[in-house]
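Content type PDB, C-alpha atoms and all ligand atoms, from the file start_27.pdb:
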ATOM      1  CA  MET A 754       0.000   0.000   0.000
ATOM      2  CA  ILE A 755       1.292   3.439  -0.896
ATOM      3  CA  GLN A 756       2.352   5.744   1.881
ATOM      4  CA  CYS A 757       3.105   9.454   1.694
ATOM      5  CA  PRO A 758       6.940   9.702   1.931
ATOM      6  CA  ILE A 759       6.649  13.105   3.614
ATOM      7  CA  CYS A 760       3.982  12.744   6.331
ATOM      8  CA  CYS A 761       3.595   8.907   6.233
ATOM      9  CA  GLU A 762      -0.173   9.119   5.706
ATOM     10  CA  ARG A 763      -1.748   6.161   3.852
ATOM     11  CA  SER A 764      -5.189   7.565   3.149
ATOM     12  CA  GLY A 765      -6.161  10.692   1.210
ATOM     13  CA  LEU A 766      -3.618  10.117  -1.569
ATOM     14  CA  ASN A 767      -5.025  11.307  -4.899
ATOM     15  CA  LEU A 768      -3.569  10.126  -8.197
ATOM     16  CA  VAL A 769      -2.843  13.275 -10.238
ATOM     17  CA  GLU A 770      -0.633  12.049 -13.097
ATOM     18  CA  VAL A 771       0.769   8.921 -14.715
ATOM     19  CA  TRP A 772       4.032   9.248 -16.654
ATOM     20  CA  LYS A 773       6.036   6.292 -18.004
ATOM     21  CA  ASP A 774       6.405   3.877 -15.046
ATOM     22  CA  TYR A 775       5.685   6.556 -12.455
ATOM     23  CA  LYS A 776       2.496   7.574 -10.726
ATOM     24  CA  PHE A 777       2.166  10.961  -9.051
ATOM     25  CA  TYR A 778       0.056  11.378  -5.947
ATOM     26  CA  ASN A 779      -1.065  14.482  -4.097
ATOM     27  CA  CYS A 780      -1.267  13.897  -0.338
ATOM     28  CA  SER A 781      -4.286  15.667   1.110
ATOM     29  CA  VAL A 782      -2.639  15.878   4.555
ATOM     30  CA  CYS A 783       0.719  17.530   3.750
ATOM     31  CA  ASP A 784      -0.189  18.737   0.212
ATOM     32  CA  VAL A 785       3.037  17.401  -1.355
ATOM     33  CA  VAL A 786       2.933  15.757  -4.784
ATOM     34  CA  PHE A 787       5.292  12.783  -4.892
ATOM     35  CA  SER A 788       6.279  10.192  -7.489
ATOM     36  CA  ASP A 789       5.790   6.492  -6.925
ATOM     37  CA  PRO A 790       8.295   4.868  -7.076
ATOM     38  CA  MET A 791      10.507   7.560  -5.538
ATOM     39  CA  ARG A 792      14.186   6.805  -6.016
ATOM     40  CA  ASN A 793      17.141   9.147  -6.240
ATOM     41  CA  PRO A 794      19.524   7.951  -8.979
ATOM     42  CA  GLY A 795      22.574   8.675  -6.767
ATOM     43  CA  SER A 796      25.441  11.121  -7.090
ATOM     44  CA  GLY A 797      27.149   9.054  -9.814
ATOM     45  CA  TRP A 798      24.209   9.566 -12.150
ATOM     46  CA  TYR A 799      24.307  13.323 -11.659
ATOM     47  CA  GLU A 800      28.045  13.426 -12.059
ATOM     48  CA  GLU A 801      27.852  11.547 -15.342
ATOM     49  CA  SER A 802      24.965  13.618 -16.623
ATOM     50  CA  GLU A 803      26.673  15.999 -19.036
ATOM     51  CA  ASP A 804      23.693  18.346 -19.046
ATOM     52  CA  TYR A 805      23.931  18.998 -15.340
ATOM     53  CA  THR A 806      27.655  19.577 -15.395
ATOM     54  CA  PHE A 807      27.524  21.707 -18.520
ATOM     55  CA  TRP A 808      24.733  23.995 -17.364
ATOM     56  CA  ARG A 809      25.890  24.297 -13.804
ATOM     57  CA  ILE A 810      29.384  25.324 -14.850
ATOM     58  CA  PHE A 811      28.734  27.333 -18.009
ATOM     59  CA  GLY A 812      25.234  28.557 -17.309
ATOM     60  CA  GLN A 813      26.493  29.985 -14.054
ATOM     61  CA  LYS A 814      24.859  33.232 -12.985
ATOM     62  CA  LEU A 815      23.165  34.539  -9.890
ATOM     63  CA  GLU A 816      19.579  33.361 -10.072
ATOM     64  CA  TRP A 817      16.407  34.909  -8.696
ATOM     65  CA  ARG A 818      16.557  32.550  -5.692
ATOM     66  CA  HIS A 819      20.111  33.610  -4.778
ATOM     67  CA  LYS A 820      19.190  37.275  -5.018
ATOM     68  CA  GLN A 821      16.276  36.739  -2.619
ATOM     69  CA  PHE A 822      18.766  35.710   0.038
ATOM     70  CA  LEU A 823      21.599  38.091  -0.873
ATOM     71  CA  HIS A 824      19.377  41.178  -1.029
ATOM     72  CA  ASP A 825      18.005  40.556   2.472
ATOM     73  CA  ARG A 826      19.598  41.786   5.649
ATOM     74  CA  LYS A 827      22.367  39.459   6.850
ATOM     75  CA  VAL A 828      21.060  36.995   9.449
ATOM     76  CA  ASN A 829      22.556  36.960  12.943
ATOM     77  CA  GLY A 830      25.754  34.964  12.921
ATOM     78  CA  ASN A 831      28.460  34.337  10.356
ATOM     79  CA  TYR A 832      28.750  30.673   9.499
ATOM     80  CA  LEU A 833      27.005  29.657   6.294
ATOM     81  CA  LEU A 834      26.811  26.225   4.663
ATOM     82  CA  ASP A 835      25.542  25.899   1.087
ATOM     83  CA  ILE A 836      24.433  22.396   0.109
ATOM     84  CA  GLY A 837      24.691  21.818  -3.655
ATOM     85  CA  CYS A 838      27.010  24.804  -4.029
ATOM     86  CA  GLY A 839      27.943  24.055  -7.666
ATOM     87  CA  PRO A 840      30.806  26.190  -8.997
ATOM     88  CA  GLY A 841      30.442  28.596  -6.076
ATOM     89  CA  LEU A 842      29.106  31.887  -7.420
ATOM     90  CA  PHE A 843      26.478  32.196  -4.668
ATOM     91  CA  LEU A 844      29.058  31.310  -1.988
ATOM     92  CA  HIS A 845      31.342  33.991  -3.351
ATOM     93  CA  GLU A 846      28.604  36.625  -3.055
ATOM     94  CA  ALA A 847      27.681  35.422   0.449
ATOM     95  CA  GLN A 848      31.352  35.738   1.425
ATOM     96  CA  LYS A 849      31.324  39.335   0.204
ATOM     97  CA  MET A 850      28.337  39.956   2.515
ATOM     98  CA  GLY A 851      30.467  38.915   5.476
ATOM     99  CA  TYR A 852      29.624  35.228   5.869
ATOM    100  CA  THR A 853      32.296  32.635   6.563
ATOM    101  CA  VAL A 854      31.349  30.142   3.903
ATOM    102  CA  THR A 855      31.440  26.367   3.510
ATOM    103  CA  GLY A 856      30.090  24.533   0.468
ATOM    104  CA  ILE A 857      29.415  20.923  -0.436
ATOM    105  CA  ASP A 858      28.425  19.387  -3.762
ATOM    106  CA  PHE A 859      28.159  15.830  -5.102
ATOM    107  CA  SER A 860      30.318  16.754  -8.062
ATOM    108  CA  ARG A 861      34.115  16.801  -7.869
ATOM    109  CA  GLU A 862      34.168  18.803 -11.076
ATOM    110  CA  MET A 863      32.031  21.599  -9.587
ATOM    111  CA  ILE A 864      34.093  21.710  -6.398
ATOM    112  CA  GLY A 865      37.243  21.833  -8.514
ATOM    113  CA  ALA A 866      35.794  24.732 -10.515
ATOM    114  CA  ALA A 867      34.773  26.556  -7.303
ATOM    115  CA  LYS A 868      38.249  26.160  -5.785
ATOM    116  CA  GLU A 869      39.990  27.252  -8.917
ATOM    117  CA  ARG A 870      37.908  30.335  -9.541
ATOM    118  CA  PHE A 871      37.263  31.620  -6.004
ATOM    119  CA  ARG A 872      40.096  30.040  -3.979
ATOM    120  CA  PHE A 873      37.718  28.728  -1.291
ATOM    121  CA  ASP A 874      39.272  26.690   1.531
ATOM    122  CA  GLU A 875      36.105  25.052   2.754
ATOM    123  CA  VAL A 876      34.440  23.370  -0.199
ATOM    124  CA  TYR A 877      34.064  19.602  -0.357
ATOM    125  CA  PRO A 878      32.817  17.039  -2.909
ATOM    126  CA  VAL A 879      30.796  15.065  -0.342
ATOM    127  CA  SER A 880      27.235  14.352   0.765
ATOM    128  CA  LEU A 881      25.777  16.107   3.808
ATOM    129  CA  GLU A 882      26.041  12.878   5.772
ATOM    130  CA  ASP A 883      29.746  12.427   4.982
ATOM    131  CA  PHE A 884      30.426  16.090   5.690
ATOM    132  CA  ILE A 885      28.867  15.811   9.164
ATOM    133  CA  THR A 886      30.786  12.614   9.900
ATOM    134  CA  SER A 887      34.102  14.250   8.995
ATOM    135  CA  HIS A 888      33.263  17.605  10.682
ATOM    136  CA  PRO A 889      31.227  16.566  13.753
ATOM    137  CA  ASN A 890      31.767  19.838  15.615
ATOM    138  CA  LYS A 891      30.893  22.287  12.844
ATOM    139  CA  LYS A 892      27.672  24.208  13.502
ATOM    140  CA  PHE A 893      26.192  26.805  11.176
ATOM    141  CA  ASP A 894      24.094  29.930  11.652
ATOM    142  CA  VAL A 895      22.508  29.518   8.260
ATOM    143  CA  ILE A 896      22.218  26.601   5.855
ATOM    144  CA  THR A 897      21.138  27.196   2.262
ATOM    145  CA  PHE A 898      19.977  24.554  -0.228
ATOM    146  CA  PHE A 899      18.649  25.897  -3.491
ATOM    147  CA  GLU A 900      16.838  23.492  -5.852
ATOM    148  CA  VAL A 901      17.805  20.476  -3.751
ATOM    149  CA  LEU A 902      14.669  19.338  -1.897
ATOM    150  CA  GLU A 903      12.790  18.154  -5.017
ATOM    151  CA  HIS A 904      15.663  15.769  -5.905
ATOM    152  CA  LEU A 905      15.696  13.907  -2.574
ATOM    153  CA  ASP A 906      14.139  10.503  -2.011
ATOM    154  CA  ASP A 907      13.992  11.017   1.762
ATOM    155  CA  PRO A 908      13.477  14.714   2.558
ATOM    156  CA  ASN A 909      12.692  13.985   6.239
ATOM    157  CA  SER A 910      16.070  12.327   6.901
ATOM    158  CA  PHE A 911      17.793  15.153   5.061
ATOM    159  CA  ILE A 912      16.177  17.796   7.307
ATOM    160  CA  ARG A 913      16.979  15.830  10.470
ATOM    161  CA  LEU A 914      20.591  15.588   9.334
ATOM    162  CA  LEU A 915      20.700  19.274   8.465
ATOM    163  CA  LYS A 916      19.306  20.219  11.881
ATOM    164  CA  SER A 917      22.150  18.320  13.544
ATOM    165  CA  CYS A 918      24.628  20.898  12.213
ATOM    166  CA  LEU A 919      22.403  23.984  12.546
ATOM    167  CA  LYS A 920      22.826  26.194  15.612
ATOM    168  CA  PRO A 921      19.817  26.703  17.905
ATOM    169  CA  GLU A 922      17.497  29.268  16.278
ATOM    170  CA  GLY A 923      19.588  29.049  13.115
ATOM    171  CA  TYR A 924      18.202  29.871   9.686
ATOM    172  CA  ILE A 925      17.603  27.892   6.523
ATOM    173  CA  ALA A 926      17.086  29.389   3.069
ATOM    174  CA  LEU A 927      15.930  27.284   0.151
ATOM    175  CA  SER A 928      14.163  27.245  -3.149
ATOM    176  CA  VAL A 929      12.122  24.699  -5.092
ATOM    177  CA  PRO A 930      10.321  24.780  -8.445
ATOM    178  CA  ASN A 931       6.777  26.092  -7.994
ATOM    179  CA  ARG A 932       4.346  23.414  -9.130
ATOM    180  CA  GLU A 933       1.644  26.082  -9.583
ATOM    181  CA  ARG A 934       3.654  27.984 -12.192
ATOM    182  CA  PHE A 935       1.591  29.293 -15.093
ATOM    183  CA  LEU A 936       3.905  28.227 -17.910
ATOM    184  CA  GLU A 937       5.285  24.714 -18.194
ATOM    185  CA  TRP A 938       8.707  24.642 -19.787
ATOM    186  CA  MET A 939      10.716  22.156 -17.714
ATOM    187  CA  GLY A 940       9.648  19.060 -19.671
ATOM    188  CA  GLU A 941      11.346  15.824 -18.586
ATOM    189  CA  GLY A 942      13.563  17.755 -16.188
ATOM    190  CA  ASP A 943      10.601  17.990 -13.824
ATOM    191  CA  TYR A 944      10.125  14.199 -13.786
ATOM    192  CA  PRO A 945      12.034  11.330 -12.149
ATOM    193  CA  PRO A 946      14.864  10.599 -11.812
ATOM    194  CA  HIS A 947      15.418  14.389 -11.669
ATOM    195  CA  HIS A 948      12.522  15.639  -9.553
ATOM    196  CA  LEU A 949      10.777  13.275  -7.142
ATOM    197  CA  THR A 950       8.518  15.707  -5.288
ATOM    198  CA  ARG A 951       6.581  18.825  -6.298
ATOM    199  CA  TRP A 952       5.874  21.691  -3.974
ATOM    200  CA  ASN A 953       3.727  24.778  -3.560
ATOM    201  CA  SER A 954       3.857  27.365  -0.784
ATOM    202  CA  SER A 955       1.395  25.483   1.455
ATOM    203  CA  SER A 956       3.296  22.168   1.334
ATOM    204  CA  ILE A 957       6.599  23.971   1.994
ATOM    205  CA  SER A 958       5.138  25.726   5.068
ATOM    206  CA  ARG A 959       3.623  22.522   6.471
ATOM    207  CA  PHE A 960       6.789  20.503   5.892
ATOM    208  CA  PHE A 961       9.168  22.917   7.621
ATOM    209  CA  GLU A 962       6.758  23.744  10.428
ATOM    210  CA  ARG A 963       6.477  20.030  11.183
ATOM    211  CA  HIS A 964      10.261  19.949  11.466
ATOM    212  CA  GLY A 965      10.225  22.739  14.057
ATOM    213  CA  PHE A 966      10.868  25.791  11.881
ATOM    214  CA  GLU A 967       8.940  29.018  11.691
ATOM    215  CA  ILE A 968       8.573  30.550   8.253
ATOM    216  CA  VAL A 969      10.193  33.989   8.187
ATOM    217  CA  LYS A 970       9.650  34.728   4.521
ATOM    218  CA  MET A 971       8.041  32.993   1.565
ATOM    219  CA  VAL A 972       8.190  34.478  -1.920
ATOM    220  CA  ILE A 973       6.587  33.103  -5.067
ATOM    221  CA  GLN A 974       8.389  34.291  -8.173
ATOM    222  CA  SER A 975       6.090  36.095 -10.580
ATOM    223  CA  LEU A 976       5.960  35.021 -14.201
ATOM    224  CA  ASP A 977       8.662  36.917 -16.070
ATOM    225  CA  THR A 978      10.252  37.214 -19.476
ATOM    226  CA  GLU A 979      12.634  34.347 -18.743
ATOM    227  CA  ASP A 980       9.694  31.962 -18.281
ATOM    228  CA  ILE A 981       8.273  33.004 -21.646
ATOM    229  CA  GLU A 982      11.687  32.771 -23.269
ATOM    230  CA  ARG A 983      12.243  29.239 -21.946
ATOM    231  CA  PHE A 984       8.719  28.224 -22.869
ATOM    232  CA  LEU A 985       9.137  29.450 -26.445
ATOM    233  CA  LYS A 986      12.554  27.828 -26.747
ATOM    234  CA  GLY A 987      11.081  24.517 -25.641
ATOM    235  CA  LYS A 988       8.189  24.736 -28.105
ATOM    236  CA  ILE A 989       9.957  26.162 -31.128
ATOM    237  CA  ARG A 990      12.984  24.147 -32.135
ATOM    238  CA  PHE A 991      14.413  24.470 -35.608
ATOM    239  CA  ARG A 992      17.359  22.236 -34.768
ATOM    240  CA  ILE A 993      19.424  24.306 -37.227
ATOM    241  CA  ALA A 994      21.967  25.492 -34.662
ATOM    242  CA  TYR A 995      22.077  22.081 -33.006
ATOM    243  CA  SER A 996      22.714  20.146 -36.224
ATOM    244  CA  THR A 997      25.234  22.761 -37.385
ATOM    245  CA  ILE A 998      27.185  22.337 -34.139
ATOM    246  CA  GLN A 999      27.173  18.559 -34.567
ATOM    247  CA  LYS A1000      28.406  18.845 -38.143
ATOM    248  CA  GLY A1001      31.083  21.299 -37.049
ATOM    249  CA  MET A1002      32.235  19.043 -34.204
ATOM    250  CA  THR A1003      32.464  15.876 -36.303
ATOM    251  CA  SER A1004      34.346  17.622 -39.121
ATOM    252  CA  HIS A1005      36.393  19.785 -36.684
ATOM    253  CA  ASN A1006      35.233  22.797 -38.655
ATOM    254  CA  GLU A1007      35.608  25.812 -36.396
ATOM    255  CA  LYS A1008      33.799  28.110 -38.821
ATOM    256  CA  LEU A1009      30.685  25.959 -38.609
ATOM    257  CA  ILE A1010      30.824  25.935 -34.799
ATOM    258  CA  ASN A1011      31.135  29.717 -34.680
ATOM    259  CA  TYR A1012      28.293  30.041 -37.147
ATOM    260  CA  ALA A1013      26.103  27.829 -34.913
ATOM    261  CA  ALA A1014      26.959  29.962 -31.873
ATOM    262  CA  VAL A1015      25.826  33.078 -33.755
ATOM    263  CA  LEU A1016      22.595  31.315 -34.773
ATOM    264  CA  MET A1017      21.934  30.404 -31.134
ATOM    265  CA  GLN A1018      22.494  33.992 -30.066
ATOM    266  CA  VAL A1019      20.135  35.299 -32.735
ATOM    267  CA  LYS A1020      17.490  32.849 -31.492
ATOM    268  CA  ASP A1021      18.046  33.964 -27.886
ATOM    269  CA  TYR A1022      17.714  37.645 -28.741
ATOM    270  CA  THR A1023      14.629  37.036 -30.857
ATOM    271  CA  PHE A1024      12.840  35.190 -28.055
ATOM    272  CA  LYS A1025      13.972  37.722 -25.500
ATOM    273  CA  GLY A1026      12.536  40.454 -27.726
ATOM    274  CA  ILE A1027       9.218  38.661 -28.083
ATOM    275  CA  ALA A1028       9.091  37.926 -24.352
ATOM    276  CA  THR A1029       9.757  41.582 -23.485
ATOM    277  CA  LEU A1030       6.611  42.594 -25.372
ATOM    278  CA  PHE A1031       4.570  40.638 -22.825
ATOM    279  CA  ILE A1032       5.931  42.403 -19.723
ATOM    280  CA  PRO A1033       3.090  44.933 -19.261
ATOM    281  CA  PHE A1034       0.491  42.135 -19.521
ATOM    282  CA  LEU A1035       2.345  39.934 -17.054
ATOM    283  CA  LYS A1036       2.587  42.677 -14.473
ATOM    284  CA  PHE A1037      -1.135  43.230 -14.813
ATOM    285  CA  LEU A1038      -2.115  39.545 -14.599
ATOM    286  CA  LYS A1039       0.125  38.695 -11.591
ATOM    287  CA  LEU A1040       0.681  35.105 -12.797
ATOM    288  CA  GLN A1041       2.894  32.668 -10.887
ATOM    289  CA  GLY A1042       6.411  31.984 -12.112
ATOM    290  CA  THR A1043       8.876  29.155 -11.705
ATOM    291  CA  GLY A1044      10.359  29.482  -8.227
ATOM    292  CA  ILE A1045       9.454  29.482  -4.552
ATOM    293  CA  TYR A1046      11.929  30.958  -2.079
ATOM    294  CA  CYS A1047      11.631  30.345   1.648
ATOM    295  CA  LEU A1048      13.572  31.625   4.650
ATOM    296  CA  ALA A1049      12.815  29.875   7.944
ATOM    297  CA  ARG A1050      14.193  29.818  11.468
ATOM    298  CA  LEU A1051      14.541  26.893  13.843
ATOM    299  CA  LYS A1052      12.219  27.504  16.771
ATOM    300  CA  PRO A1053      13.659  27.180  20.285
ATOM    301  CA  ILE A1054      12.631  23.851  21.829
ATOM    302  CA  GLU A1055       9.987  24.580  24.458
ATOM    303  CA  SER A1056      10.789  23.231  27.883
ATOM    304  CA  GLY A1057       9.052  19.914  28.422
ATOM    305  CA  ALA A1058       8.535  19.390  24.683
ATOM    306  CA  MET A1059       9.886  16.307  22.970
ATOM    307  CA  PRO A1060      13.214  17.074  21.220
TER
HETATM  308 ZN    ZN B1101       1.646  13.611   3.131
END
Give the structure from this file in structure tokens form.
Amino acid sequence: MIQCPICCERSGLNLVEVWKDYKFYNCSVCDVVFSDPMRNPGSGWYEESEDYTFWRIFGQKLEWRHKQFLHDRKVNGNYLLDIGCGPGLFLHEAQKMGYTVTGIDFSREMIGAAKERFRFDEVYPVSLEDFITSHPNKKFDVITFFEVLEHLDDPNSFIRLLKSCLKPEGYIALSVPNRERFLEWMGEGDYPPHHLTRWNSSSISRFFERHGFEIVKMVIQSLDTEDIERFLKGKIRFRIAYSTIQKGMTSHNEKLINYAAVLMQVKDYTFKGIATLFIPFLKFLKLQGTGIYCLARLKPIESGAMP
């Protein structure tokens, strides 16, 4: 019998989607949508996935979610841990804000890139569990994990582990894809083995409150030009640039590769231009965009309460 992997409830699970060998259920108690089966493919899979490595290294820029944290007032305390730190751009900005930063990531390549570019001392290619085992006395004032939660096959264990290295009344900051976004552009990237759970603001609040946090801030990204751009790019594919690049690579023809890069840029600018035309409408309609950002604080344990 199926059980909700988040709140362990067995009744009130509503089938919302069937995709390949997976079924998606919405739990009426905790409001999470989860895939059944729910299995994380492991760090090796991610490390071998060229798409992940390519985009996380070359597509590196400060995202909306990072700016939500960086543009806020600094939280009390200095020690920050970023889980899934990638090539370290966010950590670098957090360091500039005055945090003493530590980062972990499953990928050796990302950690190598972060070390090389920003000269960090405290970045490690390990899981949270291994990090805690090798640094049992490290405690943090704030732990960030952007776009991590939806990949986990056991979010409850992850949060318990995370709490073991968070100081009393410490903060967490995180982001997840918003399942109530107006435009769907993620395609297979939003399905297993990539994403195993889907969240909205209510399920995020319930989940972290059950783990003893109080929500300090919750922001739903509004639909913007980037959503439209990505949506159009997903729908309209001429494959000209892609096939030109392949031809160029196989024949080692640099001219062809450069030509493909120009084609890709022209496509980007065209879609950006089209998307920009929609801005006044979007502002008026107040539609939901792709991300949810949440800042929460660990509540002090009340005397007499169970730890
Ligand atoms: Zn549930």
How many Å separate atom CA of Pro945 of chain A from atom CA of Ile973 of chain A?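 About the pair atom CA of Pro945 of chain A and atom CA of Ile973 of chain A: they are 23.5 Å apart.
If only C-alpha atoms and all ligand atoms are the atoms counted, then among A:Thr950, A:Ser796, A:Gln1041, A:Asn890 the closest residue to ligand ZN 1101 (chain B) is A:Thr950.
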Which polymer residues have any atom within 7 Å of an atom of Glu903 of chain A, counting all atoms listed in the file, with same-chain residues fewer than 4 positions away left out, as number ranges by chain? A: 929, 948-951
Contacts of segment 896-902 of chain A at 9 Å (all atoms listed in the file; same-chain gap of 3+ positions) as a list in words: Arg818, His819, Tyr832, Leu833, Leu834, Asp835, Ile836, Gly837, Cys838, Phe893, Leu905, Asp906, Pro908, Phe911, Leu915, Cys918, Leu919, Gly923, Tyr924, Ile925, Ala926, Leu927, Ser928, Val929, Pro930, His948, Leu949, Thr950 and Tyr1046 of chain A
Evaluate the PyMOL selection byres (((chain A and resi 783) around 8) and not hetatm) here and jot the selected residues down as an MDAnalysis selection string. chainID A and resid 759:760 780:782 784:785 956 959:960
Sphere at (26.3, 12.5, 4.1), radius 12 Å, counting all atoms listed in the file: residues as JSON, numbers by chain: {"A": [796, 836, 857, 858, 859, 877, 878, 879, 880, 881, 882, 883, 884, 885, 886, 887, 888, 889, 910, 911, 912, 913, 914, 915, 917, 918]}
Pick from A:Trp817, A:Trp952, A:Phe871, A:Tyr775 nearest to ligand ZN 1101 (chain B), counting all atoms listed in the file: A:Trp952
Option closest in space to ligand ZN 1101 (chain B), from A:Leu985, A:Val854, A:Ile957, A:Ile864 [counting only C-alpha atoms and all ligand atoms]: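 For ligand ZN 1101 (chain B), the nearest of the given residues is A:Ile957.
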Using Å and a single decimal, report how far atom CA of Lys868 of chain A sits from atom CA of Val828 of chain A. 25.4 Å
